[in-house]
>>> print(open('input_33.tsv').read())   # TSV, C-alpha atoms and all ligand atoms
chain	number	residue	atom	x	y	z
A	1	MET	CA	119.31	96.36	35.64
A	2	LEU	CA	116.85	97.14	32.89
A	3	ASP	CA	117.16	100.64	31.50
A	4	LEU	CA	113.61	101.92	31.07
A	5	ARG	CA	114.47	105.45	29.99
A	6	GLY	CA	113.23	104.98	26.42
A	7	LEU	CA	110.10	103.32	27.70
A	8	PHE	CA	109.19	106.11	30.08
A	9	GLU	CA	109.73	108.70	27.39
A	10	LYS	CA	107.69	107.18	24.58
A	11	THR	CA	104.03	106.18	24.60
A	12	GLY	CA	103.44	102.84	22.90
A	13	GLU	CA	106.97	101.63	23.54
A	14	ARG	CA	107.35	98.09	24.87
A	15	ILE	CA	109.98	95.62	26.01
A	16	LEU	CA	109.23	91.92	25.81
A	17	LEU	CA	110.37	89.88	28.78
A	18	ASP	CA	111.43	86.28	28.31
A	19	GLN	CA	114.14	85.30	30.70
A	20	LYS	CA	115.16	82.83	33.32
A	21	LEU	CA	116.27	83.89	36.76
A	22	GLU	CA	118.04	81.87	39.43
A	23	LEU	CA	116.95	83.25	42.75
A	24	THR	CA	119.24	81.13	44.85
A	25	ASP	CA	119.41	83.75	47.59
A	26	LEU	CA	115.67	83.69	48.19
A	27	GLU	CA	115.17	82.64	51.80
A	28	LEU	CA	113.55	79.26	52.13
A	29	SER	CA	113.35	76.70	54.86
A	30	PRO	CA	115.68	73.67	54.52
A	31	SER	CA	112.90	71.40	53.26
A	32	GLN	CA	111.99	73.75	50.44
A	33	ALA	CA	113.73	74.27	47.14
A	34	PHE	CA	113.24	75.63	43.67
A	35	CYS	CA	113.46	72.78	41.18
A	36	SER	CA	113.73	75.02	38.17
A	37	PRO	CA	114.95	78.46	37.24
A	38	ILE	CA	112.21	81.06	37.42
A	39	SER	CA	110.87	81.74	33.98
A	40	VAL	CA	109.64	85.29	33.53
A	41	LYS	CA	107.45	86.05	30.52
A	42	GLY	CA	105.45	89.10	29.67
A	43	GLU	CA	106.11	92.70	28.82
A	44	ILE	CA	106.77	96.15	30.11
A	45	CYS	CA	104.93	98.77	28.12
A	46	ASN	CA	104.04	102.42	28.07
A	47	ARG	CA	100.28	102.71	27.68
A	48	ALA	CA	99.20	106.30	27.30
A	49	GLY	CA	102.08	107.48	29.41
A	50	ILE	CA	101.68	104.88	32.14
A	51	VAL	CA	104.44	102.31	32.37
A	52	ILE	CA	103.12	98.87	33.28
A	53	ILE	CA	104.77	95.52	33.85
A	54	ASP	CA	102.43	92.71	32.96
A	55	ALA	CA	104.20	89.39	33.31
A	56	ALA	CA	104.16	86.05	35.08
A	57	ALA	CA	106.85	84.16	36.95
A	58	ALA	CA	106.63	80.38	36.59
A	59	PHE	CA	108.67	77.80	38.48
A	60	ASP	CA	108.59	74.33	40.01
A	61	PHE	CA	108.96	74.07	43.72
A	62	SER	CA	109.43	71.22	46.15
A	63	ALA	CA	108.75	71.19	49.86
A	64	ALA	CA	107.72	68.90	52.67
A	65	CYS	CA	103.97	68.76	53.34
A	66	ASP	CA	103.19	70.82	56.44
A	67	ARG	CA	101.09	68.05	57.93
A	68	CYS	CA	102.58	64.71	56.90
A	69	ALA	CA	106.07	65.69	55.67
A	70	ALA	CA	105.62	63.89	52.36
A	71	ALA	CA	107.45	65.50	49.45
A	72	VAL	CA	105.30	67.95	47.55
A	73	ASN	CA	106.23	69.12	44.08
A	74	ARG	CA	104.20	71.91	42.65
A	75	ALA	CA	104.29	74.26	39.69
A	76	PHE	CA	103.57	77.87	40.49
A	77	VAL	CA	102.66	80.76	38.25
A	78	ILE	CA	102.76	84.09	40.01
A	79	PRO	CA	101.43	87.21	38.29
A	80	ILE	CA	103.78	90.18	38.17
A	81	LYS	CA	101.60	93.23	37.61
A	82	HIS	CA	102.60	96.71	38.66
A	83	VAL	CA	102.53	100.28	37.55
A	84	LEU	CA	106.14	101.41	37.43
A	85	VAL	CA	106.67	104.90	38.74
A	86	THR	CA	109.72	107.10	39.10
A	87	SER	CA	108.43	108.58	42.35
A	88	LEU	CA	105.94	107.26	44.87
A	89	SER	CA	102.86	109.22	45.85
A	90	ASN	CA	101.33	109.01	49.31
A	91	GLU	CA	98.56	106.77	48.04
A	92	ASP	CA	100.71	103.77	47.21
A	93	ASP	CA	98.63	100.65	47.73
A	94	GLY	CA	101.31	98.18	46.68
A	95	SER	CA	100.38	98.11	43.03
A	96	TYR	CA	103.06	100.70	42.28
A	97	PHE	CA	106.70	99.84	42.05
A	98	LEU	CA	109.34	102.48	42.37
A	99	VAL	CA	111.92	102.54	39.59
A	100	GLU	CA	114.72	104.78	40.67
A	101	LYS	CA	116.70	106.49	37.91
A	102	MET	CA	114.43	104.66	35.42
A	103	GLU	CA	116.37	101.46	36.00
A	104	LEU	CA	114.42	98.38	36.98
A	105	ASP	CA	115.94	95.66	39.14
A	106	LEU	CA	113.78	92.89	37.72
A	107	GLU	CA	115.18	90.25	40.08
A	108	ASP	CA	114.31	92.35	43.08
A	109	LEU	CA	110.75	92.86	41.86
A	110	ILE	CA	110.23	89.17	41.10
A	111	ARG	CA	111.75	88.16	44.42
A	112	SER	CA	109.41	90.38	46.44
A	113	ASP	CA	106.34	89.34	44.43
A	114	ILE	CA	107.14	85.66	44.95
A	115	LEU	CA	107.61	86.16	48.69
A	116	LEU	CA	104.35	88.11	48.96
A	117	SER	CA	102.16	85.68	47.08
A	118	PHE	CA	103.77	82.43	48.18
A	119	PRO	CA	101.49	80.22	50.29
A	120	THR	CA	102.62	79.99	53.93
A	121	LYS	CA	101.53	76.37	54.09
A	122	LEU	CA	102.08	73.70	51.48
A	123	LEU	CA	100.02	70.54	51.76
A	124	CYS	CA	100.43	67.38	49.72
A	125	ARG	CA	96.67	67.60	49.13
A	126	ASP	CA	93.92	69.82	50.54
A	127	ASP	CA	92.52	67.10	52.77
A	128	CYS	CA	95.85	65.74	54.00
A	129	ARG	CA	95.13	63.91	57.26
A	130	GLY	CA	98.64	64.36	58.62
A	131	LEU	CA	100.53	62.13	61.00
A	132	CYS	CA	98.91	60.46	64.00
A	133	PRO	CA	100.12	62.35	67.08
A	134	ILE	CA	100.17	59.07	69.05
A	135	CYS	CA	101.83	56.50	66.82
A	136	GLY	CA	103.22	58.74	64.09
A	137	LYS	CA	101.61	56.80	61.28
A	138	ASN	CA	100.79	58.74	58.12
A	139	ARG	CA	97.00	58.77	58.30
A	140	ASN	CA	96.70	59.28	54.53
A	141	GLU	CA	97.78	55.66	54.24
A	142	GLY	CA	94.97	54.38	56.43
A	143	ASP	CA	93.66	54.49	59.98
A	144	CYS	CA	96.11	53.55	62.67
A	145	GLY	CA	93.45	52.68	65.24
A	146	CYS	CA	94.50	55.29	67.77
A	147	GLN	CA	92.27	57.76	69.57
A	148	GLY	CA	89.70	59.59	67.47
A	149	SER	CA	89.23	56.68	65.14
A	150	GLU	CA	85.65	55.58	64.77
A	151	THR	CA	86.54	52.18	63.48
A	152	ASP	CA	85.32	49.19	65.40
A	153	PRO	CA	88.34	47.82	67.35
A	154	ARG	CA	87.72	44.36	65.92
A	155	LEU	CA	87.83	45.82	62.40
A	156	SER	CA	91.07	47.65	63.06
A	157	ALA	CA	92.59	44.46	64.47
A	158	LEU	CA	91.61	42.78	61.23
A	159	LYS	CA	93.05	45.69	59.30
A	160	GLU	CA	96.37	45.36	61.15
A	161	LEU	CA	96.51	41.78	59.95
A	162	LEU	CA	95.70	42.78	56.38
A	163	ASP	CA	98.28	45.59	56.45
A	201	ZN	ZN	100.42	65.72	53.62
A	202	ZN	ZN	98.03	56.28	65.59
>>> encode(input="input_33.tsv", output="structure tokens")
Amino acid sequence: MLDLRGLFEKTGERILLDQKLELTDLELSPSQAFCSPISVKGEICNRAGIVIIDAAAAFDFSAACDRCAAAVNRAFVIPIKHVLVTSLSNEDDGSYFLVEKMELDLEDLIRSDILLSFPTKLLCRDDCRGLCPICGKNRNEGDCGCQGSETDPRLSALKELLD
């Protein structure tokens, strides 16, 4: 817990954030994993009476491609930007984050921001062609000659030989 009492009380006050978090309890599917601790850098500051967290969470992540199941390793940087408030108004649009008793659970905030902005699909590349539904061949590695292929059958026979 980060005690933000001093920050809420004094305009111009700031806390620099530079820490590493292990969010091992973050729910992920079996093929997904964090490959690094989550590095959080930025600051929490009181600007003219408004307390703002302006930081970024960076980490490496590995998962299986949603189409072809190849291993995907990717570095993510997720912005952590909120106005921290001690009570929520009715007009909360998600940019506010409630800090009860002026104590911030930084892990909790980072965890929910990562879950919210994490892509639902991870592809090895944008134009991944996936696996052939008929023969199961990874179509990124070349045409398999099954249905939907526009290759001349004689050419694909030749290609089989060359493969
Ligand atoms: Zn893929
Ligand atoms: Zn095929």
>>> atom_distance(input="input_33.tsv", atom1="CA of Met102 (chain A)", atom2="CA of Ile78 (chain A)")
24.1 Å
>>> atom_distance(input="input_33.tsv", atom1="CA of Lys137 (chain A)", atom2="CA of Phe61 (chain A)")
25.7 Å
>>> atom_distance(input="input_33.tsv", atom1="CA of Cys124 (chain A)", atom2="CA of Ala57 (chain A)")
22.0 Å
>>> residues_near_point(input="input_33.tsv", point="(115.7, 76.7, 47.0)", cutoff="9 Å", atoms="only C-alpha atoms", output="PDB file with C-alpha atoms, in the frame of the given file")
ATOM      1  CA  LEU A  23     116.950  83.250  42.750  1.00  0.00           C
ATOM      2  CA  THR A  24     119.240  81.130  44.850  1.00  0.00           C
ATOM      3  CA  ASP A  25     119.410  83.750  47.590  1.00  0.00           C
ATOM      4  CA  LEU A  26     115.670  83.690  48.190  1.00  0.00           C
ATOM      5  CA  GLU A  27     115.170  82.640  51.800  1.00  0.00           C
ATOM      6  CA  LEU A  28     113.550  79.260  52.130  1.00  0.00           C
ATOM      7  CA  SER A  29     113.350  76.700  54.860  1.00  0.00           C
ATOM      8  CA  PRO A  30     115.680  73.670  54.520  1.00  0.00           C
ATOM      9  CA  SER A  31     112.900  71.400  53.260  1.00  0.00           C
ATOM     10  CA  GLN A  32     111.990  73.750  50.440  1.00  0.00           C
ATOM     11  CA  ALA A  33     113.730  74.270  47.140  1.00  0.00           C
ATOM     12  CA  PHE A  34     113.240  75.630  43.670  1.00  0.00           C
ATOM     13  CA  CYS A  35     113.460  72.780  41.180  1.00  0.00           C
ATOM     14  CA  PHE A  61     108.960  74.070  43.720  1.00  0.00           C
ATOM     15  CA  SER A  62     109.430  71.220  46.150  1.00  0.00           C
TER      16      SER A  62
END
>>> residues_near_ligand(input="input_33.tsv", ligand="ligand ZN 202 (chain A)", cutoff="8 Å", atoms="all atoms listed in the file", output="PyMOL selection string")
chain A and resi 131-137+139+143-147
>>> write_last_selection(input="input_33.tsv", atoms="C-alpha atoms", output="compact mmCIF listing (two decimals), keeping the file's coordinate frame")
# COMPACT_ATOMS: atom_id res chain seq x y z
CA LEU A 131 100.53 62.13 61.00
CA CYS A 132 98.91 60.46 64.00
CA PRO A 133 100.12 62.35 67.08
CA ILE A 134 100.17 59.07 69.05
CA CYS A 135 101.83 56.50 66.82
CA GLY A 136 103.22 58.74 64.09
CA LYS A 137 101.61 56.80 61.28
CA ARG A 139 97.00 58.77 58.30
CA ASP A 143 93.66 54.49 59.98
CA CYS A 144 96.11 53.55 62.67
CA GLY A 145 93.45 52.68 65.24
CA CYS A 146 94.50 55.29 67.77
CA GLN A 147 92.27 57.76 69.57
>>> axis_aligned_box(input="input_33.tsv", around="region 12-22 of chain A", padding_each_side="5 Å", output="AutoDock Vina command-line options")
--center_x 110.7 --center_y 92.4 --center_z 31.2 --size_x 24.6 --size_y 31.0 --size_z 26.5
>>> closest_residue(input="input_33.tsv", among="A:Cys65, A:Leu88, A:Leu109, A:Ile114", to="ligand ZN 201 (chain A)", atoms="only C-alpha atoms and all ligand atoms")
A:Cys65
>>> residues_near_ligand(input="input_33.tsv", ligand="ligand ZN 201 (chain A)", cutoff="12 Å", atoms="only C-alpha atoms and all ligand atoms", output="ChimeraX atom specification")
/A:63-73,121-132,137-141
>>> closest_residue(input="input_33.tsv", among="A:Phe59, A:Val85, A:Leu21, A:Phe76", to="Asn46 (chain A)", atoms="only C-alpha atoms")
A:Val85
>>> residues_around(input="input_33.tsv", residues="Glu43 (chain A)", least_positions_apart="5", cutoff="9 Å", atoms="all atoms listed in the file", output="list of chain:residue names")
A:Arg14, A:Ile15, A:Leu16, A:Leu17, A:Asp18, A:Ile52, A:Ile53, A:Asp54, A:Ala55
>>> closest_residue(input="input_33.tsv", among="A:Ile110, A:Ile80, A:Leu7, A:Met1", to="Gly42 (chain A)", atoms="only C-alpha atoms")
A:Ile80
>>> closest_residue(input="input_33.tsv", among="A:Arg47, A:Ser95, A:Thr120, A:Glu22", to="Asp108 (chain A)", atoms="only C-alpha atoms")
A:Glu22
>>> closest_residue(input="input_33.tsv", among="A:Ile50, A:Glu13, A:Asp113, A:Leu104", to="Val83 (chain A)", atoms="only C-alpha atoms")
A:Ile50
>>> closest_residue(input="input_33.tsv", among="A:Leu4, A:Leu115, A:Val77, A:Leu98", to="Val40 (chain A)", atoms="only C-alpha atoms")
A:Val77
